[in-house]
Each structure stands twice: as C-alpha cells, then as structure tokens.
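Chemist: If you scroll down you'll find the structure; I have some questions about it.
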Amino acid sequence: MDKTFYIETYGCQMNFADSEILSAILTSASYTPCSHYRQADVILINTCSIRDHAEQRIYNRLREFVAYKKVKPRLKIGIIGCMAERLKEDLLSSQIAVDLVVGPDAYRSLPRLLQEVESGAQGIDVLLSEEETYHDISPVRLGPNKISAFVSIMRGCENYCAYCVVPYTRGKERSRDPQSIIEEARQLFHEGYREITLLGQNVNSYNCESTTFPLLMEAVAQISPLLRVRFSTSHPKDLSDDLLKTMVKYPNICKAIHLPVQSGSSRMLKQMKRKYDRIWYLDRIASIRKHIPDCGLSTDIITGFCGETLTDHQETLSLMREVGYDFAFMFKYSERPNTLAARSYIDDVAEEEKLRRLNEVIDQQQVLSFESNKKDVGKDFEILVEGISKKSKTHYFGRSSQNKVIVFENSQEKPVHIGDYAYIHITQCTAATLLGSLIEINR
Ligand code: 5AD
Ligand code: SF4
C-alpha cells in the first residue's frame with residue numbers, strides 16, 4: 001500500500017508554493033497526501049526562520065508530533081525549508097530529534113531520503129543550489145480555492161539586508177525560465193483558475209533569457225483578459241517605471257503593489273543595508289501614484305532595529321502617514337543568528353520598547369486602513385469572487401484589483417459563483433473589510 005504524507009506549512013507565500021512543489025514530487029514517487037497528521041506515515045513541516053517567534057511556534061508543534069511517535073513508532077518526521085537550512089545537523093541530534101532534514105533546494109532528494117529513512121537511517125540534504133528552480137515540476141495545488149494560485153518565478157535572495165536570514169536559508173538569486181512560467185500560468189487558466197500571483201523574494205530583479213519582469217508580466221497578462229495577474233514581493237530599489245507602464249497597459253494586471261519600506265528613517269535604512277533612502281522610496285511612491293492613481297499600496301515595517309531612536313521611529317510613523325498605506329505587515333525586530341546585524345550591531349532597543357513602538361505602528365495603520373476604506377464607500381469595484389464568507393452563508397467575498405477584501409450578499413434570483421467576476425457597490429466599511437451590494441455579474 002502507498003505511504004501517506006502530511007505537510008504543514010509555516011511562513012511566507014514562497015513556502016506555501018514550495019509545499020505544492022513538494023507534494024508533486026512525493027505524489028509522483030507514489031506517496032499519497034492526507035489531510036490530518038494522525039493519518040500520515042510521514043509528517044513534513046515546511047518551516048520559517050524569519051523571526052525567533054516563528055521558530056518557537058514550529059518547535060511547539062514539533063513536540064506534539066514527536067510525542068505522537070510514541071503511539072506510532074513507524075512514523076517519520078521531517079523538517080524541511082528554512083529552519084532545516086539554518087540549523088542543519090543540529091535538528092537530527094537535538095532533544096526533539098527528527099528523521100529527516102531537507103533544505104529548500106533539495107526537495108528532489110526527498111523520495112530517496114525517505115527510502116533511506118525507512119531503513120532506519122537519518123536523512124539530510126541541505127545543499128543550496130545556484131540553478132534549482134523546480135521549473136519542470138507542476139505543483140499540486142493545495143490552496144483554499146481553485147480560483148487563485150501562486151506561481152514561483154524565482155528563488156533565493158542576494159540583497160543581504162542586515163536583519164534578514166533569507167539569503168542564508170534560500171541561497172543565491174536565480175530566475176526560472178520564462179517558457180515554463182507562461183506554460184504553467186496557461187495551464188492554470190485552462191483548469192479554471194482566474195488569478196495567479198507571481199512569486200519571488202524580489203520579483204523586480206527577475207531576469208532570464210533576456211526576459212525582464214515587465215516582459216514576463218506582459219506575457220502572462222496576454223494569456224487571457226479573464227486571468228488576473230498579481231506579483232509579490234517588490235524591492236523599492238528595483239521598482240521600475242517600465243513595470244508601472246506595463247501595469248497600466250493591462251487591465252488584468254492588478255493595481256496593487258506590496259513595497260516593503262521597513263523604516264521611514266534614512267539613517268535606519270542605511271544601517272539595514274536597504275540600498276535606498278526615504279527620499280528614494282517616496283519618489284517611487286510618487287511615481288506609482290502618477291502612473292496608477294488608484295493603486296493599492298501595502299508594506300512591511302520593522303520596529304526597534306539596532307540603534308533605532310525615538311526620532312527614527314517618528315520618521316516611520318510620518319512616512320506611513322505620508323504614503324497612506326492600505327495595509328501593512330508589522331513586526332518587532334528579532335535578531336537572527338549569522339546575519340550582519342547579529343555579527344556586527346548591538347540589539348540595543350529593549351524588548352518592551354520594541355513592542356511599544358510596534359503597537360504604535362499597528363494603531364496608526366489601523367487608522368490609515370480605515371481612512372483608506374472610507375474613501376471607497378460609494379464607489380463601484382470589480383471583484384473576483386473567491387469564496388463564501390465565514391460569518392454568513394448568504395454572503396460571499398472577493399477582492400478588488402487593489403487587493404481589498406469585499407463582502408456582499410449574494411443574490412437569490414441570479415446568484416454569483418466562485419470564480420465569477422462581479423461589480424459591487426460599496427456601502428459600508430470597517431478598517432479590514434469593505435461591504436457592498438451586488439450590481440452586476442460579469443460572466
Ligand atoms: N525581524 C523582524 N522582522 C523581520 N523581517 C525580516 N527579517 C526580520 C527580522 N529579523 C520582516 C521584514 C520582511 C518581512 C518578510 O519580514 O519586514 O519584509
Ligand atoms: Fe520565512 Fe523567509 Fe524562509 Fe519565507 S523565505 S519561509 S519568510 S525565512
């Protein structure tokens with residue numbers, strides 16, 4: 001009988017995309033996926049190392065799995081992804097030892113390693129590669145719907161921001177060949193998918209066989225006007241006007257940009273090795289607004305990085321107001337071993353102070369999100385219907401091109417279906433959601 005596997009995924013969208021690649025690799029090696037760990041012969045945790053908190057959560061879960069092994073001794077447990085790459089052999093010898101440790105570039109070795117593990121050995125492959133893009137693997141889609149999917153277009157990162165562990169866990173930057181990306185997107189469209197998100201740590205520096213990111217986006221957008229295209233994540237230093245012009249040219253390229261700023265203080269940005277300053281960042285925002293006045297804007301912010309003063313923190317708050325973000329992911333700085341900051345800087349902002357600044361940033365973003373949503377009340381938006389609202393079976397939800405969630409009551413006479421495009425008139429809002437009424441289905 002085929003062995004069963006269960007994957008639990010933590011961290012960023014790249015990790016979720018990787019779990020889909022991994023599922024494809026294991027399925028073609030005759031493993032069967034299952035939806036609960038108690039049914040599994042192999043449990044894999046696809047891990048994240050970005051902050052200490054992420055790793056601690058994963059250790060807690062791992063303890064649960066390892067305890068279950070007492071009940072089911074044949075069970076094999078693997079740590080894969082960023083923590084595997086960061087901690088390597090240590091994971092095989094620790095108190096909560098696992099059977100298998102596999103880094104993000106070594107997923108093709110999994111079936112072989114699993115065989116070795118079956119015969120009682122421990123399996124490890126944490127080699128990073130300069131070529132691996134898994135370009136030829138058709139991911140098994142694990143997302144919550146059959147409407148939107150991630151397509152990984154590049155791997156790794158060489159920016160070496162002072163705080164960040166990613167260059168160490170995911171290796172050198174490499175772009176996947178454009179034909180395989182376009183083919184995967186086309187296939188998804190034929191299967192009924194209506195939205196794809198092109199993924200990479202820094203999609204703007206995509207470059208393969210003289211295809212730049214704007215050219216790649218254009219080729220994907222041309223598959224069908226009914227296929228929405230999104231992308232994530234952009235680095236401010238590489239966000240070009242060419243990309244903005246391409247976005248303007250194609251209505252199906254969604255008008256939303258996630259542009260992590262990290263800090264509003266040029267002094268901090270320099271310390272972070274971000275390769276841009278406040279003025280440069282605000283110039284990029286001005287250019288976005290000029291080309292795409294209604295563009296959705298979101299960001300990432302870190303509070304309490306090494307040496308951050310109250311003045312630096314105030315500059316972050318003022319930059320947030322100046323940009324007027326629709327949404328933000330906000331974190332307090334967490335020192336990661338081996339990064340430049342860990343090696344050369346002092347983590348000198350006290351934990352409580354990092355938290356206090358984080359709360360200030362969160363509170364302010366709440367106000368900005370609410371203000372941004374209030375401006376949309378009274379307007380009409382086209383959405384792609386993604387699912388049924390958790391709170392009410394008669395309400396459905398989708399996203400606007402600007403990436404805002406819109407909830408509406410479905411019509412009894414002419415109901416919309418998941419995967420339809422619909423026009424919604426916005427009547428109310430909270431800081432997190434727009435509420436509206438259905439005007440028209442655009443089938
Ligand atoms: N501490 C806190 N936040 C971090 N990020 C990256 N590294 C750290 C760290 N050491 C945040 C950044 C990045 C997002 C993915 O996670 O804001 O953009
Ligand atoms: Fe976490 Fe970064 Fe790895 Fe994604 S790439 S899983 S955010 S450490």
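Ligands are numbered from 1 in the order shown, residues from 1 within each chain, and chains are lettered A, B, ... in the order they appear in the structure tokens.
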Step by step, measure atom-to-atom distances between ligand 1 and each residue using only C-alpha atoms and all ligand atoms, keep those at most 10 Å, then write them as a ChimeraX atom specification.
Modeler: /A:11-13,49-53,161-166,201,233-235,258-263,299-305,328-337,339,341-342
Chemist: Could you make a table, as JSON lines, of the residues of segment 268-364 of chain A that have an atom within 10 Å of an atom of segment 241-252 of chain A, each with its nearest atom pair and distance in Å to one decimal, counting only C-alpha atoms, in chain and number order?
Modeler:
```
{"residue": "A:Arg284", "atom": "CA", "partner": "A:Asp241", "partner_atom": "CA", "distance": 8.6}
{"residue": "A:Ser287", "atom": "CA", "partner": "A:Asp241", "partner_atom": "CA", "distance": 7.3}
{"residue": "A:Ile288", "atom": "CA", "partner": "A:Leu244", "partner_atom": "CA", "distance": 6.7}
{"residue": "A:Arg289", "atom": "CA", "partner": "A:Leu244", "partner_atom": "CA", "distance": 9.8}
{"residue": "A:Lys290", "atom": "CA", "partner": "A:Leu244", "partner_atom": "CA", "distance": 9.5}
{"residue": "A:His291", "atom": "CA", "partner": "A:Leu244", "partner_atom": "CA", "distance": 6.5}
{"residue": "A:Ile292", "atom": "CA", "partner": "A:Val248", "partner_atom": "CA", "distance": 6.8}
```
Chemist: If you count only C-alpha atoms and all ligand atoms, which residues end up within 10 Å of ligand 2, as JSON, numbers by chain?
Modeler: {"A": [9, 10, 11, 12, 13, 14, 15, 16, 18, 46, 47, 48, 49, 50, 51, 54, 55, 81, 82, 83, 85, 86, 104, 155, 156, 157, 164, 165, 166, 167, 168, 169, 170, 171, 200, 201]}
Chemist: For Asn403 of chain A, which of A:Ser180, A:Ser298, A:Ser23, A:Ser389 is the closest residue, counting only C-alpha atoms?
Modeler: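 With only C-alpha atoms as the atom set, the closest residue is A:Ser298.
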Chemist: Give me the residues within 12 Å of Arg356 of chain A as a ChimeraX atom specification, counting only C-alpha atoms and dropping any in the same chain fewer than 3 places off.
Modeler: /A:303-304,310,313,331-332,349-353,359-363
Chemist: With distances taken over only C-alpha atoms, which of A:Ser400, A:Thr430, A:Ser266, A:Asn202 is nearest to Ile383 of chain A?
Modeler: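 That would be A:Ser400, the residue with the smallest distance to Ile383 of chain A.
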Chemist: For each of A:Ile196, A:Val229, A:Leu216, A:Leu110, take the minimum atom-to-atom distance to Lys146 of chain A, counting only C-alpha atoms, then give the residue where this is smallest.
Modeler: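 When distances to Lys146 of chain A are compared using only C-alpha atoms, the smallest one comes from A:Ile196.
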